[in-house]
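Novice: Take this structure first; my questions come after.
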Amino acid sequence: MLKTYLHIALIAIFCFIGSFTHHIFANQPRLTVVVLVDGLRQDNLDMLRPYWQQGGLRTLSEEAYQTTFTFPHEVYGGNETTATIITGVTPSQHGFAMEQYFARSDRKVHYLLDDPTQKGINYPLALSPIRLFAPTIGDQWRMRIGAQAKIYAIGLHPETAILMAGHSANACCWLNSERICWASTSYYTEGLPSAADKMNTNGRLTELAAKHWTPRLAITSYMSPTVQETRKPFDYLPSDCLLTTPTANTMVIELALALQQDKHLGSDQVPDILLLELTTRTPQAAADKIQSAEQEDIYLWLNQDLGFLMQQLEKRVGKTNFNIVIIGRPILGIGKQTMEMAGLSVHELDISRMAALTSTYLMALYGHERWIDGCHGNTLYLNHALIEQRKISLATIQRQVADFLMEFEGIQTAFPINEALLHPTFMQTINKHNMGDVIFAPLPGWQLYANDHQPIDYVLDIQPTAPLLFWSSSFLSMPDGKLSATDIEALIL
């Protein structure tokens, strides 16, 4: 009899918990899919809309809430934008001003996500999000919904995938383009998801990477073919340039659907979230704005892949049980060629040369010593040990260097780091944990280059905008007008 009563009591408790869970999440879709698309621009979407008789972008253009957003900080074309979108705060708080930082200990540049306490899975570097200081969408999801929520991120690049996954995802993975396989980090409890491991071993990735990417349409059907493309249409083997081809997007979509099936995402009353990185960047692209047939073509593939994703989710979890959010991310900006077409000059600013001349200047003032430890991005690092040894005021030498940098053609402003943290130009853009002693900003139209002649920043737009499309079977309310990138996290949550 006691067992019978106990059995009845347990059934009642489970029924109550189930009823309580259902009540809490009654208005929450079972699955939210957040898709970050590298290089996606609103004007490209508008231009190509006639091509889409059907597909994901066609559905989104007709049914989704659409707007554009800007960033409240400087944009360099790296994952500082990902971090802002995914945390809802600026680099001053999330700490991801640039993807690398200069370490005084060895005077070398390191990746912000480097973490020697972890191990790479199918990847040579050990990475984790421990240097990301703010909670992400996934972290907020975990705190709000609890341990039962399933949170996964799939990306093309390790930095983007890990930032999207945040601190508390079940797992994340990204494409190792060298080995053509899915990779991950031991930081996340599940490591490499079984669905990703299966794709690594069943030959599917190799099969996709071996299919040539050629135009879907006759080359004369495109709006923006280059002269070279009209003579010889593009033809790429994805294994040679995987991360800038539509094949990479197809791989992400296929894994997303395999993961949804394997982990039963969206199959119960506890809401899950899936975060994906896709791209519109192509091998020859010099700007996010479409300037070639291959750039148009990758949008056509993107339309197909997103359509397939939405179609499959509708079959598996039901149209009323998922949301999808498409977010553009500036990568290459409007580009040097586009600016020059408008009569605007683009100049190069060599920071290695600036650092060398500044070092010579300090030698003239204080003696022949190594006064500059190094330079990275738009920051100079002074030799603190030497300055302390020589009993020179750090504040004095920082001011002298800032004043000296102001004499360079192409420099708009330069400040000691303590002043920069309070200056409107920099206060949202930098984080003191990743910056040096003197920070500078170039004039509009000047692009930073390192001594290997590689551009440090890509986006030449002063304040680039990006599109946001939010599709749901039932909207409650959405904000009017243009958004800030810091508003997106709250919109999704």
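Labels for the structure tokens follow display order: chains A, B, ..., residues from 1 in each chain, ligands from 1.
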What residues in stretch 204-330 of chain A get the DSSP label helix (DSSP H, G or I)? Please answer as a ChimeraX atom specification.

Specialist: /A:204-209,219-221,227-231,238-240,242-244,246-263,293-317,319-321

Novice: List the neighbours of A:Pro158 out to 9 Å using only C-alpha atoms; skip same-chain residues closer than 5 positions along the sequence, and give me the result as a PyMOL selection string.

Specialist: chain A and resi 127+163+173-176+183-184

Novice: Take the residues just selected and output them with N, CA, C and O atoms as a short mmCIF file (atom, residue, chain, number, x, y, z; two decimals), in the first residue's frame.

Specialist:
```cif
data_model
loop_
_atom_site.label_atom_id
_atom_site.label_comp_id
_atom_site.auth_asym_id
_atom_site.auth_seq_id
_atom_site.Cartn_x
_atom_site.Cartn_y
_atom_site.Cartn_z
N LEU A 127 41.76 26.67 -27.07
CA LEU A 127 41.01 27.91 -26.98
C LEU A 127 39.86 27.79 -25.99
O LEU A 127 39.36 26.70 -25.73
N LEU A 163 32.77 32.56 -29.36
CA LEU A 163 32.05 33.72 -28.85
C LEU A 163 30.55 33.48 -28.88
O LEU A 163 29.84 33.85 -27.94
N CYS A 173 31.43 23.91 -32.30
CA CYS A 173 32.43 23.39 -33.23
C CYS A 173 32.57 24.34 -34.41
O CYS A 173 31.70 25.18 -34.66
N TRP A 174 33.68 24.21 -35.11
CA TRP A 174 33.96 25.05 -36.26
C TRP A 174 34.71 24.23 -37.30
O TRP A 174 35.20 23.12 -37.02
N LEU A 175 34.83 24.77 -38.50
CA LEU A 175 35.50 24.06 -39.58
C LEU A 175 37.01 24.27 -39.53
O LEU A 175 37.49 25.41 -39.52
N ASN A 176 37.75 23.18 -39.47
CA ASN A 176 39.19 23.23 -39.67
C ASN A 176 39.41 23.10 -41.18
O ASN A 176 39.30 22.02 -41.75
N ALA A 183 36.07 20.85 -35.81
CA ALA A 183 37.00 20.95 -34.68
C ALA A 183 36.29 21.56 -33.48
O ALA A 183 35.21 22.15 -33.61
N SER A 184 36.91 21.43 -32.31
CA SER A 184 36.32 22.00 -31.11
C SER A 184 37.40 22.18 -30.05
O SER A 184 38.59 22.10 -30.34
#
```

Novice: Would you give me, as CSV, each residue of stretch 287-399 of chain A having an atom within 10 Å of an atom of stretch 62-67 of chain A, along with its shortest atom pair and that distance in Å to one decimal, using only C-alpha atoms and sorting by chain and residue number?

Specialist:
```
residue,atom,partner,partner_atom,distance
A:Ile324,CA,A:Ala64,CA,9.1
A:Val325,CA,A:Ala64,CA,8.9
A:Ile326,CA,A:Gln66,CA,9.5
```

Novice: Any idea what's packed within 6 Å of stretch 29-40 of chain A, counting only C-alpha atoms, ignoring anything in its chain fewer than 2 positions away? Could you give it as a ChimeraX atom specification?

Specialist: /A:266,271-280,288,321-331

Novice: Pick out the closest residue to A:Tyr458 from this set: A:Lys232, A:His94, A:Lys336, A:His384. Count only C-alpha atoms.

Specialist: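 Among the listed residues, A:Lys336 lies closest to A:Tyr458.
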